[in-house]
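Pasted below: coords35.txt, compact mmCIF, C-alpha atoms.
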```txt
# COMPACT_ATOMS: atom_id res chain seq x y z
CA MET A 1 82.23 44.93 174.34
CA ILE A 2 82.00 41.62 176.20
CA GLY A 3 83.95 39.80 173.49
CA MET A 4 86.83 42.29 173.46
CA SER A 5 87.28 42.29 177.23
CA ASP A 6 87.26 38.47 177.55
CA GLY A 7 89.39 38.10 174.39
CA LEU A 8 92.03 40.34 175.93
CA THR A 9 91.80 38.72 179.37
CA VAL A 10 91.61 34.92 178.95
CA PRO A 11 94.22 34.34 176.17
CA PHE A 12 96.46 36.81 178.03
CA ALA A 13 96.14 34.88 181.29
CA LEU A 14 96.56 31.51 179.55
CA ALA A 15 99.71 32.62 177.74
CA ALA A 16 101.13 34.23 180.89
CA GLY A 17 100.30 31.07 182.84
CA LEU A 18 102.02 28.79 180.36
CA SER A 19 105.05 31.14 180.38
CA GLY A 20 105.61 30.01 183.94
CA ALA A 21 105.62 26.35 182.91
CA VAL A 22 107.12 25.83 179.44
CA GLN A 23 110.41 26.75 177.77
CA THR A 24 109.30 27.43 174.16
CA THR A 25 106.76 29.82 172.67
CA GLY A 26 105.46 27.13 170.26
CA VAL A 27 103.19 25.46 172.82
CA ILE A 28 101.97 28.85 174.07
CA VAL A 29 101.04 29.97 170.54
CA THR A 30 99.27 26.65 169.87
CA ALA A 31 97.34 26.80 173.16
CA GLY A 32 96.58 30.50 172.66
CA LEU A 33 95.19 30.03 169.14
CA ALA A 34 93.16 27.00 170.27
CA GLU A 35 91.75 29.09 173.12
CA ILE A 36 90.92 32.04 170.83
CA VAL A 37 89.10 29.76 168.36
CA ALA A 38 87.24 27.94 171.16
CA GLY A 39 86.37 31.11 173.06
CA SER A 40 85.11 32.95 169.98
CA ILE A 41 82.91 30.00 168.97
CA ALA A 42 81.61 29.50 172.52
CA MET A 43 80.80 33.20 172.95
CA GLY A 44 79.67 33.97 169.40
CA LEU A 45 77.71 30.86 168.43
CA GLY A 46 76.62 30.24 172.04
CA GLY A 47 75.39 33.83 172.30
CA TYR A 48 73.61 33.58 168.95
CA LEU A 49 71.73 30.41 169.94
CA ALA A 50 70.84 31.91 173.33
CA ALA A 51 69.45 35.03 171.61
CA LYS A 52 67.41 32.83 169.26
CA SER A 53 65.99 30.92 172.25
CA ASP A 54 65.09 34.22 173.92
CA ALA A 55 63.32 35.33 170.74
CA GLU A 56 61.32 32.08 170.62
CA HIS A 57 60.43 32.48 174.29
CA TYR A 58 59.20 36.01 173.54
CA PHE A 59 57.00 34.90 170.65
CA SER A 60 55.53 31.91 172.52
CA GLU A 61 54.70 34.19 175.49
CA ARG A 62 53.21 36.70 173.04
CA THR A 63 50.98 34.05 171.48
CA ARG A 64 49.80 33.02 174.96
CA GLU A 65 49.13 36.67 175.86
CA GLU A 66 47.17 37.20 172.59
CA THR A 67 44.99 34.17 173.38
CA GLU A 68 44.34 35.44 176.89
CA VAL A 69 43.49 38.95 175.69
CA SER A 70 40.93 37.59 173.22
CA GLU A 71 39.54 34.78 175.39
CA LYS A 72 39.77 36.10 178.97
CA PRO A 73 39.72 39.91 178.55
CA ASP A 74 38.31 40.52 182.05
CA ILE A 75 41.17 38.69 183.77
CA GLU A 76 43.70 40.56 181.60
CA ALA A 77 42.01 43.88 182.33
CA ASP A 78 42.44 43.11 186.05
CA GLU A 79 46.13 42.46 185.40
CA VAL A 80 46.54 45.87 183.75
CA ALA A 81 44.88 47.48 186.76
CA HIS A 82 47.21 45.42 188.97
CA VAL A 83 50.31 46.78 187.13
CA PHE A 84 49.17 50.32 187.87
CA GLN A 85 48.23 49.49 191.46
CA SER A 86 51.83 48.46 192.03
CA TYR A 87 52.65 52.13 191.34
CA GLY A 88 50.17 53.25 193.97
CA LEU A 89 47.39 54.17 191.51
CA PRO A 90 43.89 53.09 192.59
CA ALA A 91 42.04 50.85 190.12
CA GLU A 92 39.30 53.40 189.44
CA GLU A 93 41.80 56.04 188.29
CA VAL A 94 43.18 53.77 185.57
CA SER A 95 39.81 52.60 184.27
CA THR A 96 40.04 54.89 181.22
CA VAL A 97 43.41 53.40 180.29
CA VAL A 98 42.10 49.87 180.74
CA ALA A 99 39.05 50.72 178.62
CA ALA A 100 41.26 52.29 175.92
CA LEU A 101 43.55 49.23 175.83
CA ARG A 102 40.50 46.94 175.48
CA GLN A 103 39.72 48.77 172.23
CA ARG A 104 43.22 48.05 170.84
CA PRO A 105 44.07 44.35 171.29
CA GLN A 106 47.53 44.59 169.62
CA ALA A 107 48.57 47.59 171.75
CA TRP A 108 47.16 45.76 174.77
CA VAL A 109 49.33 42.71 174.06
CA ASP A 110 52.36 45.01 173.56
CA PHE A 111 51.58 46.62 176.89
CA MET A 112 51.30 43.28 178.73
CA MET A 113 54.55 41.98 177.21
CA ARG A 114 56.50 45.00 178.34
CA PHE A 115 54.83 46.00 181.61
CA GLU A 116 53.49 42.71 183.03
CA LEU A 117 56.16 40.29 181.80
CA GLY A 118 59.05 42.76 181.37
CA LEU A 119 59.98 41.27 177.97
CA GLU A 120 61.40 43.45 175.16
CA LYS A 121 60.65 42.58 171.56
CA PRO A 122 63.81 40.86 170.28
CA ASN A 123 65.50 41.95 167.09
CA PRO A 124 66.45 38.74 165.19
CA LYS A 125 68.95 40.56 162.96
CA ARG A 126 70.70 42.07 165.95
CA ALA A 127 71.37 38.58 167.37
CA LEU A 128 73.43 37.65 164.31
CA ILE A 129 75.27 40.98 164.16
CA SER A 130 75.94 40.88 167.90
CA ALA A 131 77.21 37.26 167.75
CA THR A 132 79.54 38.08 164.84
CA THR A 133 80.78 41.21 166.62
CA ILE A 134 81.45 39.30 169.86
CA ALA A 135 83.35 36.54 168.04
CA GLY A 136 85.33 39.07 165.97
CA ALA A 137 86.14 41.17 169.04
CA TYR A 138 87.27 38.04 170.93
CA ILE A 139 89.64 37.12 168.08
CA ALA A 140 90.95 40.69 167.71
CA GLY A 141 91.38 40.99 171.48
CA GLY A 142 93.12 37.62 171.71
CA PHE A 143 95.84 38.54 169.20
CA VAL A 144 97.00 41.45 171.40
CA PRO A 145 98.39 39.23 174.20
CA LEU A 146 99.34 36.40 171.80
CA GLY A 147 101.14 38.58 169.22
CA PRO A 148 104.43 38.85 171.17
CA TYR A 149 104.63 35.02 171.51
CA ILE A 150 104.13 34.69 167.73
CA VAL A 151 106.79 37.30 166.90
CA LEU A 152 109.39 36.67 169.63
CA SER A 153 111.05 33.31 170.27
CA ALA A 154 112.23 33.80 173.87
CA VAL A 155 109.41 33.04 176.33
CA HIS A 156 110.58 35.54 178.96
CA ARG A 157 110.81 38.47 176.52
CA ALA A 158 107.48 37.54 174.92
CA LEU A 159 105.85 37.41 178.37
CA ILE A 160 107.11 40.88 179.34
CA THR A 161 106.03 42.38 175.98
CA SER A 162 102.65 40.64 176.22
CA VAL A 163 102.06 41.88 179.79
CA MET A 164 102.91 45.47 178.83
CA THR A 165 100.90 45.64 175.59
CA THR A 166 97.91 43.83 177.11
CA LEU A 167 97.77 45.99 180.25
CA ILE A 168 97.88 49.09 178.01
CA ALA A 169 95.15 47.62 175.76
CA LEU A 170 93.01 46.62 178.78
CA SER A 171 93.24 50.10 180.31
CA ALA A 172 92.52 51.81 176.94
CA PHE A 173 89.57 49.47 176.38
CA GLY A 174 88.25 50.04 179.93
CA TYR A 175 88.61 53.80 179.51
CA VAL A 176 86.70 53.85 176.20
CA LYS A 177 84.07 51.47 177.61
CA GLY A 178 83.58 53.84 180.56
CA ARG A 179 83.08 56.78 178.17
CA PHE A 180 80.41 54.82 176.30
CA THR A 181 78.56 53.37 179.29
CA GLY A 182 78.70 56.52 181.39
CA ALA A 183 80.88 54.97 184.13
CA PRO A 184 83.88 57.04 185.33
CA PRO A 185 86.47 56.20 182.61
CA LEU A 186 89.50 55.97 184.91
CA ARG A 187 87.75 53.61 187.30
CA SER A 188 86.46 51.53 184.39
CA ALA A 189 90.09 51.31 183.10
CA ALA A 190 91.32 50.27 186.57
CA GLN A 191 88.66 47.54 186.73
CA THR A 192 89.47 45.91 183.37
CA VAL A 193 93.18 46.00 184.28
CA LEU A 194 92.39 44.45 187.68
CA VAL A 195 90.38 41.57 186.18
CA GLY A 196 92.99 40.87 183.46
CA GLY A 197 95.92 41.22 185.86
CA LEU A 198 94.37 39.00 188.53
CA ALA A 199 93.42 36.32 185.98
CA ALA A 200 96.95 36.34 184.52
CA ALA A 201 98.63 36.30 187.95
CA ALA A 202 96.44 33.42 189.14
CA ALA A 203 97.04 31.44 185.93
CA PHE A 204 100.80 32.06 186.19
CA LEU A 205 100.90 30.91 189.83
CA ILE A 206 98.86 27.76 189.26
CA ALA A 207 100.84 26.79 186.14
CA ARG A 208 104.17 27.34 187.89
CA THR A 209 103.02 25.41 190.99
CA ILE A 210 101.88 22.25 189.20
CA SER A 211 104.61 22.04 186.54
CA MET B 1 74.03 28.48 183.69
CA ILE B 2 76.36 30.58 181.54
CA GLY B 3 79.38 29.59 183.62
CA MET B 4 78.69 25.87 183.40
CA SER B 5 78.22 25.87 179.63
CA ASP B 6 81.40 27.87 178.92
CA GLY B 7 83.33 25.94 181.58
CA LEU B 8 82.46 22.69 179.83
CA THR B 9 83.09 24.09 176.33
CA VAL B 10 86.29 26.15 176.40
CA PRO B 11 88.60 23.95 178.55
CA PHE B 12 87.23 20.95 176.58
CA ALA B 13 88.13 22.57 173.26
CA LEU B 14 91.51 23.77 174.51
CA ALA B 15 92.46 20.31 175.83
CA ALA B 16 91.22 18.62 172.65
CA GLY B 17 93.12 21.15 170.55
CA LEU B 18 96.37 20.60 172.44
CA SER B 19 95.87 16.82 172.10
CA GLY B 20 96.43 17.31 168.38
CA ALA B 21 99.74 19.06 169.02
CA VAL B 22 101.56 17.71 172.09
CA GLN B 23 102.70 14.25 173.22
CA THR B 24 102.26 14.46 177.00
CA THR B 25 99.26 15.22 179.17
CA GLY B 26 101.35 17.45 181.48
CA VAL B 27 101.18 20.52 179.23
CA ILE B 28 97.46 19.95 178.60
CA VAL B 29 96.70 19.79 182.33
CA THR B 30 98.78 22.94 182.97
CA ALA B 31 97.08 24.85 180.13
CA GLY B 32 93.66 23.55 181.13
CA LEU B 33 94.03 24.59 184.78
CA ALA B 34 95.40 28.00 183.74
CA GLU B 35 92.39 28.44 181.44
CA ILE B 36 89.92 27.37 184.14
CA VAL B 37 91.41 29.83 186.64
CA ALA B 38 91.53 32.65 184.06
CA GLY B 39 88.04 31.98 182.70
CA SER B 40 86.43 31.75 186.14
CA ILE B 41 88.04 35.04 187.23
CA ALA B 42 87.16 36.79 183.94
CA MET B 43 83.54 35.62 184.07
CA GLY B 44 82.99 35.81 187.83
CA LEU B 45 84.86 38.99 188.81
CA GLY B 46 84.17 40.61 185.40
CA GLY B 47 80.47 39.85 185.77
CA TYR B 48 80.43 41.15 189.34
CA LEU B 49 82.05 44.47 188.39
CA ALA B 50 79.70 44.82 185.39
CA ALA B 51 76.68 44.24 187.66
CA LYS B 52 78.00 46.86 190.10
CA SER B 53 78.40 49.37 187.23
CA ASP B 54 74.83 48.64 186.11
CA ALA B 55 73.60 49.27 189.66
CA GLU B 56 75.46 52.61 189.80
CA HIS B 57 74.04 53.56 186.41
CA TYR B 58 70.55 52.78 187.71
CA PHE B 59 70.96 54.93 190.81
CA SER B 60 72.50 57.87 188.92
CA GLU B 61 69.64 57.75 186.39
CA ARG B 62 67.20 57.56 189.29
CA THR B 63 68.69 60.64 190.94
CA ARG B 64 68.42 62.50 187.61
CA GLU B 65 64.80 61.37 187.21
CA GLU B 66 63.96 62.46 190.79
CA THR B 67 65.40 65.90 190.09
CA GLU B 68 63.40 66.21 186.87
CA VAL B 69 60.16 65.09 188.52
CA SER B 70 60.52 67.73 191.24
CA GLU B 71 61.92 70.54 189.07
CA LYS B 72 60.31 70.04 185.65
CA PRO B 73 57.07 68.16 186.42
CA ASP B 74 55.31 69.41 183.26
CA ILE B 75 57.98 68.00 180.94
CA GLU B 76 57.93 64.70 182.83
CA ALA B 77 54.12 64.58 182.67
CA ASP B 78 54.39 64.95 178.88
CA GLU B 79 56.83 62.02 178.87
CA VAL B 80 54.33 59.84 180.75
CA ALA B 81 51.67 60.76 178.18
CA HIS B 82 54.22 59.95 175.46
CA VAL B 83 54.82 56.45 176.89
CA PHE B 84 51.09 55.75 176.67
CA GLN B 85 50.79 57.30 173.21
CA SER B 86 53.32 54.75 171.97
CA TYR B 87 50.64 52.17 172.88
CA GLY B 88 48.05 54.01 170.80
CA LEU B 89 46.35 55.71 173.76
CA PRO B 90 45.43 59.38 173.15
CA ALA B 91 46.90 61.84 175.69
CA GLU B 92 43.50 62.92 177.03
CA GLU B 93 42.60 59.31 177.97
CA VAL B 94 45.64 58.97 180.22
CA SER B 95 45.27 62.35 181.92
CA THR B 96 43.86 60.72 185.09
CA VAL B 97 46.92 58.45 185.33
CA VAL B 98 49.27 61.39 184.78
CA ALA B 99 47.40 63.40 187.41
CA ALA B 100 47.54 60.46 189.84
CA LEU B 101 51.30 59.99 189.29
CA ARG B 102 51.88 63.71 189.95
CA GLN B 103 50.46 63.16 193.43
CA ARG B 104 52.95 60.37 194.15
CA PRO B 105 56.50 61.51 193.24
CA GLN B 106 58.21 58.24 194.33
CA ALA B 107 55.77 56.07 192.34
CA TRP B 108 56.20 58.48 189.45
CA VAL B 109 59.98 58.03 189.51
CA ASP B 110 59.53 54.23 189.71
CA PHE B 111 57.20 54.45 186.72
CA MET B 112 59.65 56.50 184.63
CA MET B 113 62.58 54.19 185.47
CA ARG B 114 60.70 51.12 184.33
CA PHE B 115 58.51 52.41 181.49
CA GLU B 116 60.47 55.31 180.00
CA LEU B 117 64.04 54.08 180.55
CA GLY B 118 63.35 50.33 180.73
CA LEU B 119 65.65 49.93 183.76
CA GLU B 120 64.94 47.35 186.47
CA LYS B 121 65.95 48.03 190.05
CA PRO B 122 69.17 46.06 190.55
CA ASN B 123 69.65 43.68 193.47
CA PRO B 124 73.19 44.30 194.81
CA LYS B 125 73.26 41.01 196.75
CA ARG B 126 72.31 39.02 193.66
CA ALA B 127 75.38 40.36 191.80
CA LEU B 128 77.74 38.74 194.33
CA ILE B 129 75.81 35.46 194.48
CA SER B 130 75.56 35.32 190.68
CA ALA B 131 79.29 36.06 190.22
CA THR B 132 80.26 33.35 192.74
CA THR B 133 77.88 30.87 191.11
CA ILE B 134 79.25 31.62 187.61
CA ALA B 135 82.87 31.24 188.76
CA GLY B 136 82.07 28.03 190.66
CA ALA B 137 80.12 26.58 187.72
CA TYR B 138 82.99 27.41 185.35
CA ILE B 139 85.46 25.58 187.61
CA ALA B 140 83.15 22.58 188.10
CA GLY B 141 82.40 22.45 184.36
CA GLY B 142 86.09 22.72 183.46
CA PHE B 143 87.09 19.69 185.50
CA VAL B 144 84.78 17.42 183.46
CA PRO B 145 86.85 17.67 180.23
CA LEU B 146 90.15 18.07 182.08
CA GLY B 147 89.67 15.15 184.50
CA PRO B 148 90.71 12.41 182.03
CA TYR B 149 93.99 14.24 181.26
CA ILE B 150 94.73 14.44 185.00
CA VAL B 151 93.98 10.73 185.61
CA LEU B 152 95.28 9.13 182.39
CA SER B 153 98.85 9.52 181.10
CA ALA B 154 98.36 8.65 177.40
CA VAL B 155 97.14 11.71 175.46
CA HIS B 156 95.10 9.70 172.94
CA ARG B 157 93.16 7.74 175.58
CA ALA B 158 92.62 10.87 177.66
CA LEU B 159 91.29 12.69 174.57
CA ILE B 160 88.77 9.94 173.78
CA THR B 161 87.60 9.73 177.40
CA SER B 162 87.37 13.53 177.61
CA VAL B 163 85.35 13.77 174.36
CA MET B 164 82.90 11.09 175.53
CA THR B 165 82.36 12.38 179.08
CA THR B 166 82.16 16.02 177.95
CA LEU B 167 79.66 15.36 175.15
CA ILE B 168 77.49 13.44 177.64
CA ALA B 169 77.83 16.27 180.19
CA LEU B 170 77.05 18.93 177.53
CA SER B 171 73.93 17.11 176.36
CA ALA B 172 72.74 16.48 179.94
CA PHE B 173 73.37 20.12 180.81
CA GLY B 174 71.60 21.34 177.64
CA TYR B 175 68.64 19.06 178.38
CA VAL B 176 68.27 20.31 181.97
CA LYS B 177 68.75 23.93 180.84
CA GLY B 178 65.94 23.44 178.29
CA ARG B 179 63.65 22.10 181.02
CA PHE B 180 64.35 25.19 183.15
CA THR B 181 64.12 27.83 180.41
CA GLY B 182 61.10 26.31 178.64
CA ALA B 183 63.01 25.54 175.42
CA PRO B 184 62.48 22.04 173.90
CA PRO B 185 64.99 19.98 176.01
CA LEU B 186 66.24 17.77 173.17
CA ARG B 187 66.95 20.73 170.92
CA SER B 188 68.63 22.57 173.77
CA ALA B 189 70.82 19.48 174.32
CA ALA B 190 71.67 19.33 170.60
CA GLN B 191 72.67 23.00 170.66
CA THR B 192 75.07 22.79 173.63
CA VAL B 193 76.66 19.68 172.06
CA LEU B 194 76.96 21.52 168.72
CA VAL B 195 78.70 24.55 170.26
CA GLY B 196 81.07 22.40 172.34
CA GLY B 197 81.77 19.98 169.50
CA LEU B 198 82.41 22.73 166.94
CA ALA B 199 84.69 24.64 169.33
CA ALA B 200 86.68 21.47 170.10
CA ALA B 201 86.92 20.42 166.43
CA ALA B 202 88.06 23.91 165.37
CA ALA B 203 90.64 24.08 168.19
CA PHE B 204 91.92 20.58 167.31
CA LEU B 205 92.28 21.46 163.60
CA ILE B 206 94.05 24.76 164.20
CA ALA B 207 96.42 23.27 166.78
CA ARG B 208 97.27 20.33 164.51
CA THR B 209 97.77 22.62 161.49
CA ILE B 210 100.21 25.02 163.11
CA SER B 211 102.23 22.54 165.19
```

Output the file's structure as structure tokens, nothing else.
Amino acid sequence: MIGMSDGLTVPFALAAGLSGAVQTTGVIVTAGLAEIVAGSIAMGLGGYLAAKSDAEHYFSERTREETEVSEKPDIEADEVAHVFQSYGLPAEEVSTVVAALRQRPQAWVDFMMRFELGLEKPNPKRALISATTIAGAYIAGGFVPLGPYIVLSAVHRALITSVMTTLIALSAFGYVKGRFTGAPPLRSAAQTVLVGGLAAAAAFLIARTIS
Amino acid sequence: MIGMSDGLTVPFALAAGLSGAVQTTGVIVTAGLAEIVAGSIAMGLGGYLAAKSDAEHYFSERTREETEVSEKPDIEADEVAHVFQSYGLPAEEVSTVVAALRQRPQAWVDFMMRFELGLEKPNPKRALISATTIAGAYIAGGFVPLGPYIVLSAVHRALITSVMTTLIALSAFGYVKGRFTGAPPLRSAAQTVLVGGLAAAAAFLIARTIS
């Protein structure tokens, strides 16, 4: 999702910006492809490494929590009671839960990870799939705005075609994203169009001003 | 954090890529500034709107949960028991907690949001601050690789200066990020340099190949 939206937006804005400053599509295609490659690596590989770091953080915290549960069970039991107290439950009413967790050290550690630290168990395979999906979506998204500059030789015509196809793609993507995330689809479509349109307009203005 | 890393990486790779394809720094500066503007808007405004959607999702789920707690308390009580059963606690041992939550509807809703749905209460002010920080960091990061192309007129010298300053900035940023997130700082530095270096090398190769 993230990859597609940024892949549509940033290469679109870059190409539109350069359209205000150069006379041939060659430079725009070169810059656009360089941006797509760079953006997909930054988002895909960068996201993958960040997910791996998060996973390591989870497992080092889990090891620490396991040590505490086995070596300082009374302090940890107080922390469980404290979690429930934050929901307005007096310590004595949760004593059966605390006692039951003390019997099950692994479940107790699971409980502390989720409810005290708010950490979800990471899925190492999902990090790789998600990174590949983000990079692929960025590349696929990037070819929508760049396509017209590859096919057409006149910058002005390529710009108009790119603006039209990309705004349609952004609104379709925003609409579908809204359906999936539960947000009102038409407003979601308006938002992705707004971000893409603003980015392209700002890039066009700055490129025209300085060149 | 995210903004700075991508702001260093993508404009760096784009400028390096174009260095393999064009003879003057003018086009590189124009493309780089267009990319910085587009990327900061896509990440900042896009992130802000995404955070606002998340907040709305939270509050609509909360309203649904409040309705269920007041209208179908028995089903919700079973769900509380189910949360605890997933930690190996038999239903009868958590009956006091369930009974206590039934006395406190607001705490009960808080409990379901966090423990059944895994949703954290969003901070609407933080979304704006975080979006502004990301956009600002992207712009600040982007001027590190682009600076040499603005100051120097020869593409080759600007490229070498940009590569050196950006790799130093990426490793310093990765090191500091590691210190803050608890990851080994030297490995964190190596990773940010790897992502930036790979993105720049790939952009350079593709730009040189097609031009």

Residues at most 6 Å from segment 140-143 of chain B, counting only C-alpha atoms, excluding those fewer than 6 positions away in the same chain, as a ChimeraX atom specification?
/B:4,7-8,11

Please determine the contact residues of chain A with respect to chain B at a cut-off of 8 Å, counting only C-alpha atoms, and supply them as a PyMOL selection string.
chain A and resi 6+9-10+13-14+17-18+21-22+26-27+30-31+33-35+37-39+41-42+45-46+49+53+57+87-89+93-94+96-97+100-101+104+107-108+110-111+115+182-183+191-192+195-196+198-200+202-204+206-207+210-211

Hey, can you check how far atom CA of Lys52 of chain A sits from atom CA of Thr67 of chain A?
22.8 Å

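Put simply, atom CA of Pro73 of chain B is 27.9 Å away from atom CA of Met113 of chain A.
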
Counting only C-alpha atoms, what is within 10 Å of Ser130 of chain A, bar same-chain residues fewer than 6 positions away, as a PyMOL selection string?
chain A and resi 1+3+44+47-48+51+136

Could you save the residues just selected, with C-alpha atoms, as a tab-separated table (two decimals), in the frame of the given file?
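Output saved as selection.tsv:
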```tsv
chain	number	residue	atom	x	y	z
A	1	MET	CA	82.23	44.93	174.34
A	3	GLY	CA	83.95	39.80	173.49
A	44	GLY	CA	79.67	33.97	169.40
A	47	GLY	CA	75.39	33.83	172.30
A	48	TYR	CA	73.61	33.58	168.95
A	51	ALA	CA	69.45	35.03	171.61
A	136	GLY	CA	85.33	39.07	165.97
```

Would you output segment 197-205 of chain B from that structure, restricted to all heavy atoms, as a PDB file, in the first residue's frame?
```
ATOM      1  N   GLY B 197      24.185   3.522  -0.448  1.00  0.00           N
ATOM      2  CA  GLY B 197      25.175   3.203  -1.470  1.00  0.00           C
ATOM      3  C   GLY B 197      24.599   2.349  -2.587  1.00  0.00           C
ATOM      4  O   GLY B 197      24.840   2.618  -3.777  1.00  0.00           O
ATOM      5  N   LEU B 198      23.799   1.328  -2.219  1.00  0.00           N
ATOM      6  CA  LEU B 198      23.172   0.470  -3.228  1.00  0.00           C
ATOM      7  C   LEU B 198      22.197   1.271  -4.094  1.00  0.00           C
ATOM      8  O   LEU B 198      22.178   1.117  -5.327  1.00  0.00           O
ATOM      9  CB  LEU B 198      22.394  -0.656  -2.550  1.00  0.00           C
ATOM     10  CG  LEU B 198      23.066  -2.005  -2.430  1.00  0.00           C
ATOM     11  CD1 LEU B 198      22.100  -3.022  -1.834  1.00  0.00           C
ATOM     12  CD2 LEU B 198      23.533  -2.494  -3.807  1.00  0.00           C
ATOM     13  N   ALA B 199      21.387   2.118  -3.461  1.00  0.00           N
ATOM     14  CA  ALA B 199      20.415   2.919  -4.211  1.00  0.00           C
ATOM     15  C   ALA B 199      21.143   3.830  -5.193  1.00  0.00           C
ATOM     16  O   ALA B 199      20.756   3.945  -6.364  1.00  0.00           O
ATOM     17  CB  ALA B 199      19.537   3.732  -3.257  1.00  0.00           C
ATOM     18  N   ALA B 200      22.220   4.473  -4.731  1.00  0.00           N
ATOM     19  CA  ALA B 200      22.971   5.388  -5.601  1.00  0.00           C
ATOM     20  C   ALA B 200      23.656   4.624  -6.734  1.00  0.00           C
ATOM     21  O   ALA B 200      23.632   5.057  -7.893  1.00  0.00           O
ATOM     22  CB  ALA B 200      24.001   6.168  -4.784  1.00  0.00           C
ATOM     23  N   ALA B 201      24.265   3.477  -6.418  1.00  0.00           N
ATOM     24  CA  ALA B 201      24.945   2.687  -7.450  1.00  0.00           C
ATOM     25  C   ALA B 201      23.950   2.202  -8.500  1.00  0.00           C
ATOM     26  O   ALA B 201      24.216   2.273  -9.711  1.00  0.00           O
ATOM     27  CB  ALA B 201      25.674   1.503  -6.807  1.00  0.00           C
ATOM     28  N   ALA B 202      22.786   1.716  -8.052  1.00  0.00           N
ATOM     29  CA  ALA B 202      21.774   1.227  -8.993  1.00  0.00           C
ATOM     30  C   ALA B 202      21.250   2.363  -9.865  1.00  0.00           C
ATOM     31  O   ALA B 202      21.078   2.202 -11.087  1.00  0.00           O
ATOM     32  CB  ALA B 202      20.622   0.569  -8.229  1.00  0.00           C
ATOM     33  N   ALA B 203      21.003   3.535  -9.251  1.00  0.00           N
ATOM     34  CA  ALA B 203      20.511   4.683 -10.026  1.00  0.00           C
ATOM     35  C   ALA B 203      21.560   5.133 -11.038  1.00  0.00           C
ATOM     36  O   ALA B 203      21.240   5.463 -12.191  1.00  0.00           O
ATOM     37  CB  ALA B 203      20.152   5.829  -9.075  1.00  0.00           C
ATOM     38  N   PHE B 204      22.836   5.153 -10.623  1.00  0.00           N
ATOM     39  CA  PHE B 204      23.934   5.545 -11.521  1.00  0.00           C
ATOM     40  C   PHE B 204      23.996   4.593 -12.716  1.00  0.00           C
ATOM     41  O   PHE B 204      24.083   5.021 -13.868  1.00  0.00           O
ATOM     42  CB  PHE B 204      25.255   5.530 -10.741  1.00  0.00           C
ATOM     43  CG  PHE B 204      26.442   6.029 -11.532  1.00  0.00           C
ATOM     44  CD1 PHE B 204      26.757   7.381 -11.547  1.00  0.00           C
ATOM     45  CD2 PHE B 204      27.248   5.144 -12.260  1.00  0.00           C
ATOM     46  CE1 PHE B 204      27.847   7.853 -12.273  1.00  0.00           C
ATOM     47  CE2 PHE B 204      28.326   5.605 -12.987  1.00  0.00           C
ATOM     48  CZ  PHE B 204      28.630   6.962 -12.988  1.00  0.00           C
ATOM     49  N   LEU B 205      23.953   3.285 -12.443  1.00  0.00           N
ATOM     50  CA  LEU B 205      24.059   2.283 -13.520  1.00  0.00           C
ATOM     51  C   LEU B 205      22.892   2.380 -14.499  1.00  0.00           C
ATOM     52  O   LEU B 205      23.093   2.342 -15.716  1.00  0.00           O
ATOM     53  CB  LEU B 205      24.120   0.870 -12.923  1.00  0.00           C
ATOM     54  CG  LEU B 205      25.468   0.484 -12.328  1.00  0.00           C
ATOM     55  CD1 LEU B 205      25.401  -0.920 -11.720  1.00  0.00           C
ATOM     56  CD2 LEU B 205      26.566   0.558 -13.393  1.00  0.00           C
TER      57      LEU B 205
END
```
